[in-house]
Every structure is written in structure tokens, then in C-alpha cells.
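Notes for the one structure printed next.
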Amino acid sequence: MRSSLKLLVLCGVATFALASIPGAAPAQDAAAIVKERQTAMRQQYRNLMAIKNFLDGKGEQAAAVAAAAELTRTVPKVPDLFPPGTGMAPPEGKYRPKPEVWTQWNKFLAADKTVVDGVNVLDAAVKSGDKQQIAAAFTKLDTCNACHNDFQERIAQ
């Protein structure tokens, strides 16, 4: 009886430990992560467009400030949306991550840091309301190309 209890506890601990290892996600979890990643990227695009609309005189500063603030919260979390095993093509969309996301992880993290730094500059510029500063920060940020040029590929149709 005592051996059975020890075995049961040991199996429970092992199961918990294995479940917490990144990259060991089952296919359905990987698909959910891909969908979450797509949703996050689309929201970041909408946030950038809210800032661009303000810059172009088509939107309000309050909306741009809120969008920039959201970017400062979400962009640093982008690497969390790319656990190993989630490089498959999304169910909808034209792009997928290249294998280099994972084979050149430190370069990917450095690219994300570049975008984070750019977003912080953009956030300060949007808060100031100075459209010249916003335009300069927006241009320097180069939208999302710091990562997309090296780490994203078009899916063959």
C-alpha cells in the first residue's frame, strides 16, 4: 500500500514537472498559442494604426495614448507567444514564423528589445502630442520590421 502511494505521488510530481516544460505542448495547445499570437499581432497592428491616425489628423490623441500604452504592455511579451513547437502555419493568415525564431533565439530576443525600445520612445512622443516627435519615433520604429524581416515568412499559396 505504502509503495503504491509513493508511486502515485511520484507520478503526480513527474506529470506536473513535464507539463511545466516549455516546448512540450500538445498539438491542440500549440494551435491555441498560434491563434493567441495572431490575435496579439493583429491588436498591435490596430494600436499602431490608432497612433498613425492621430499623426495623420484622423484620430484623437487620447486613442493614440491608449494604443501606445497598450503597446508598451504587450510588445515585451511577444517572445512568450513563441514557445518551441508553435512554428506551424496558422489556420488563417499569410505568414508564419521562420525556424530562425527558435534557432536564433537570442537574435529574436534582441530584435524584440529593439522594438520595445522603439515603442517606449513612441509612447513618450504620443503622450507629448508633438506630431514631429511622433512621426520620427514611428519611422524609427519601422512598424514591425525589426522582427518580421528576419523571422517571418510568407506561406506559399
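Going through the C-alpha cells in order, the chains are called A, B, and so on, while each chain numbers its residues from 1 and the ligands are numbered from 1 in the order shown.
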
Could you make a table, as CSV, of the residues of range 83-157 of chain A that have an atom within 10 Å of an atom of range 40-59 of chain A, each with its nearest atom pair and distance in Å to one decimal, counting only C-alpha atoms, in chain and number order?
```
residue,atom,partner,partner_atom,distance
A:Val119,CA,A:Leu48,CA,9.8
A:Leu122,CA,A:Ile51,CA,9.1
A:Asp123,CA,A:Ile51,CA,9.5
A:Val126,CA,A:Ile51,CA,7.6
A:Gly129,CA,A:Leu55,CA,9.1
A:Asp130,CA,A:Leu55,CA,9.1
A:Lys131,CA,A:Leu55,CA,6.0
A:Gln132,CA,A:Leu55,CA,8.7
A:Gln133,CA,A:Leu55,CA,10.0
A:Ile134,CA,A:Leu55,CA,7.0
A:Ala135,CA,A:Leu55,CA,7.0
A:Phe138,CA,A:Lys52,CA,8.1
A:Thr143,CA,A:Leu48,CA,7.6
A:Cys144,CA,A:Tyr45,CA,8.7
```

Output all heavy atoms for every residue in the selection just made, as a tab-separated table (two decimals), in the first residue's frame.
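Full text of part-v4.tsv as output:
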```tsv
chain	number	residue	atom	x	y	z
A	119	VAL	N	9.05	51.32	-29.11
A	119	VAL	CA	7.69	51.54	-28.61
A	119	VAL	C	7.71	52.50	-27.41
A	119	VAL	O	6.83	53.36	-27.29
A	119	VAL	CB	7.01	50.20	-28.25
A	119	VAL	CG1	5.79	50.39	-27.37
A	119	VAL	CG2	6.62	49.46	-29.53
A	122	LEU	N	8.11	55.89	-28.83
A	122	LEU	CA	6.84	56.27	-29.45
A	122	LEU	C	5.80	56.64	-28.39
A	122	LEU	O	5.08	57.63	-28.55
A	122	LEU	CB	6.32	55.12	-30.32
A	122	LEU	CG	5.02	55.36	-31.07
A	122	LEU	CD1	5.16	56.52	-32.06
A	122	LEU	CD2	4.59	54.09	-31.80
A	123	ASP	N	5.73	55.89	-27.32
A	123	ASP	CA	4.80	56.16	-26.23
A	123	ASP	C	5.03	57.57	-25.66
A	123	ASP	O	4.08	58.34	-25.49
A	123	ASP	CB	4.96	55.11	-25.13
A	123	ASP	CG	4.01	55.30	-23.97
A	123	ASP	OD1	2.78	55.42	-24.20
A	123	ASP	OD2	4.49	55.31	-22.82
A	126	VAL	N	3.90	60.19	-28.22
A	126	VAL	CA	2.44	60.30	-28.32
A	126	VAL	C	1.90	61.06	-27.12
A	126	VAL	O	1.02	61.92	-27.27
A	126	VAL	CB	1.79	58.90	-28.44
A	126	VAL	CG1	0.29	58.98	-28.30
A	126	VAL	CG2	2.16	58.26	-29.79
A	129	GLY	N	2.22	64.73	-27.55
A	129	GLY	CA	1.33	65.33	-28.54
A	129	GLY	C	2.08	65.99	-29.69
A	129	GLY	O	1.46	66.49	-30.62
A	130	ASP	N	3.40	66.00	-29.64
A	130	ASP	CA	4.22	66.63	-30.67
A	130	ASP	C	4.28	65.71	-31.89
A	130	ASP	O	4.94	64.66	-31.87
A	130	ASP	CB	5.63	66.89	-30.12
A	130	ASP	CG	6.54	67.58	-31.11
A	130	ASP	OD1	6.42	67.35	-32.34
A	130	ASP	OD2	7.40	68.35	-30.65
A	131	LYS	N	3.61	66.10	-32.94
A	131	LYS	CA	3.49	65.23	-34.12
A	131	LYS	C	4.83	65.01	-34.83
A	131	LYS	O	5.02	63.97	-35.45
A	131	LYS	CB	2.41	65.74	-35.06
A	131	LYS	CG	1.02	65.55	-34.44
A	131	LYS	CD	-0.08	65.75	-35.43
A	131	LYS	CE	-1.43	65.47	-34.76
A	131	LYS	NZ	-2.53	65.56	-35.70
A	132	GLN	N	5.74	65.96	-34.74
A	132	GLN	CA	7.07	65.74	-35.34
A	132	GLN	C	7.80	64.63	-34.58
A	132	GLN	O	8.44	63.78	-35.20
A	132	GLN	CB	7.89	67.03	-35.34
A	132	GLN	CG	7.43	68.02	-36.39
A	132	GLN	CD	8.32	69.25	-36.45
A	132	GLN	OE1	8.83	69.72	-35.42
A	132	GLN	NE2	8.51	69.78	-37.65
A	133	GLN	N	7.70	64.66	-33.25
A	133	GLN	CA	8.33	63.60	-32.45
A	133	GLN	C	7.67	62.25	-32.72
A	133	GLN	O	8.34	61.23	-32.82
A	133	GLN	CB	8.22	63.91	-30.95
A	133	GLN	CG	9.16	64.96	-30.45
A	133	GLN	CD	9.04	65.13	-28.94
A	133	GLN	OE1	8.46	64.31	-28.24
A	133	GLN	NE2	9.58	66.23	-28.44
A	134	ILE	N	6.35	62.28	-32.84
A	134	ILE	CA	5.62	61.03	-33.11
A	134	ILE	C	6.03	60.46	-34.47
A	134	ILE	O	6.31	59.27	-34.60
A	134	ILE	CB	4.09	61.26	-33.06
A	134	ILE	CG1	3.67	61.70	-31.67
A	134	ILE	CG2	3.35	59.99	-33.47
A	134	ILE	CD1	2.25	62.24	-31.58
A	135	ALA	N	6.10	61.33	-35.48
A	135	ALA	CA	6.48	60.88	-36.82
A	135	ALA	C	7.90	60.29	-36.80
A	135	ALA	O	8.14	59.24	-37.40
A	135	ALA	CB	6.39	62.04	-37.81
A	138	PHE	N	7.75	56.96	-34.96
A	138	PHE	CA	7.02	55.98	-35.77
A	138	PHE	C	7.91	55.46	-36.89
A	138	PHE	O	7.98	54.26	-37.15
A	138	PHE	CB	5.75	56.62	-36.33
A	138	PHE	CG	4.70	55.63	-36.73
A	138	PHE	CD1	3.78	55.16	-35.81
A	138	PHE	CD2	4.60	55.20	-38.04
A	138	PHE	CE1	2.79	54.26	-36.18
A	138	PHE	CE2	3.62	54.30	-38.41
A	138	PHE	CZ	2.71	53.82	-37.48
A	143	THR	N	7.58	50.20	-37.90
A	143	THR	CA	6.45	49.34	-37.57
A	143	THR	C	6.96	48.05	-36.94
A	143	THR	O	7.44	48.07	-35.84
A	143	THR	CB	5.54	49.09	-38.78
A	143	THR	OG1	5.82	50.03	-39.81
A	143	THR	CG2	4.10	49.30	-38.40
A	144	CYS	N	6.89	46.95	-37.62
A	144	CYS	CA	7.25	45.67	-37.01
A	144	CYS	C	8.41	44.98	-37.72
A	144	CYS	O	8.69	43.81	-37.47
A	144	CYS	CB	6.03	44.76	-37.01
A	144	CYS	SG	4.64	45.45	-36.13
```

CA of Ala137 in chain A to CA of Gly93 in chain A, distance in Å rounded to a single decimal
28.3 Å

Test item: residues at most 9 Å from Pro99 in chain A, only C-alpha atoms, excluding those fewer than 6 positions along its chain, as a VMD selection string
chain A and resid 87 151 to 152

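You can rank A:Ala68, A:Ala30, A:Val75, A:Met88 by their closest distance to Glu153 in chain A using only C-alpha atoms, and at the top of that list sits A:Met88.
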
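With CA of Ala124 in chain A on one side and CA of Ala111 in chain A on the other, the separation reads 20.3 Å.
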
Which of chain A end up as helix (DSSP H, G or I) when DSSP is run on this backbone - answer as a ChimeraX atom specification?
/A:2-19,27-55,61-81,100-103,105-128,131-141,145-151

Report, in Å with one decimal, the straight-line distance from CA of Lys140 in chain A to CA of Lys77 in chain A.
20.6 Å

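Taking only C-alpha atoms into account, Val116 in chain A lies nearest to A:Ala69 out of the set A:Ala32, A:Ala69, A:Ala136, A:Ala89.
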
Pick the closest to Pro97 in chain A from A:Cys147, A:Leu109, A:Ala63, A:Ala125: which is it, counting only C-alpha atoms?
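Distance minimum relative to Pro97 in chain A lands on A:Cys147.
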
Find the residue from A:Lys127, A:Arg154, A:Thr86, A:Thr103 that sits nearest to Ala62 in chain A; use only C-alpha atoms when measuring.
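With only C-alpha atoms as the atom set, the closest residue is A:Lys127.
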
Proximity to Ser128 in chain A - best of A:Asn145, A:Gln61, A:Gln38, A:Thr72, only C-alpha atoms:
A:Gln61
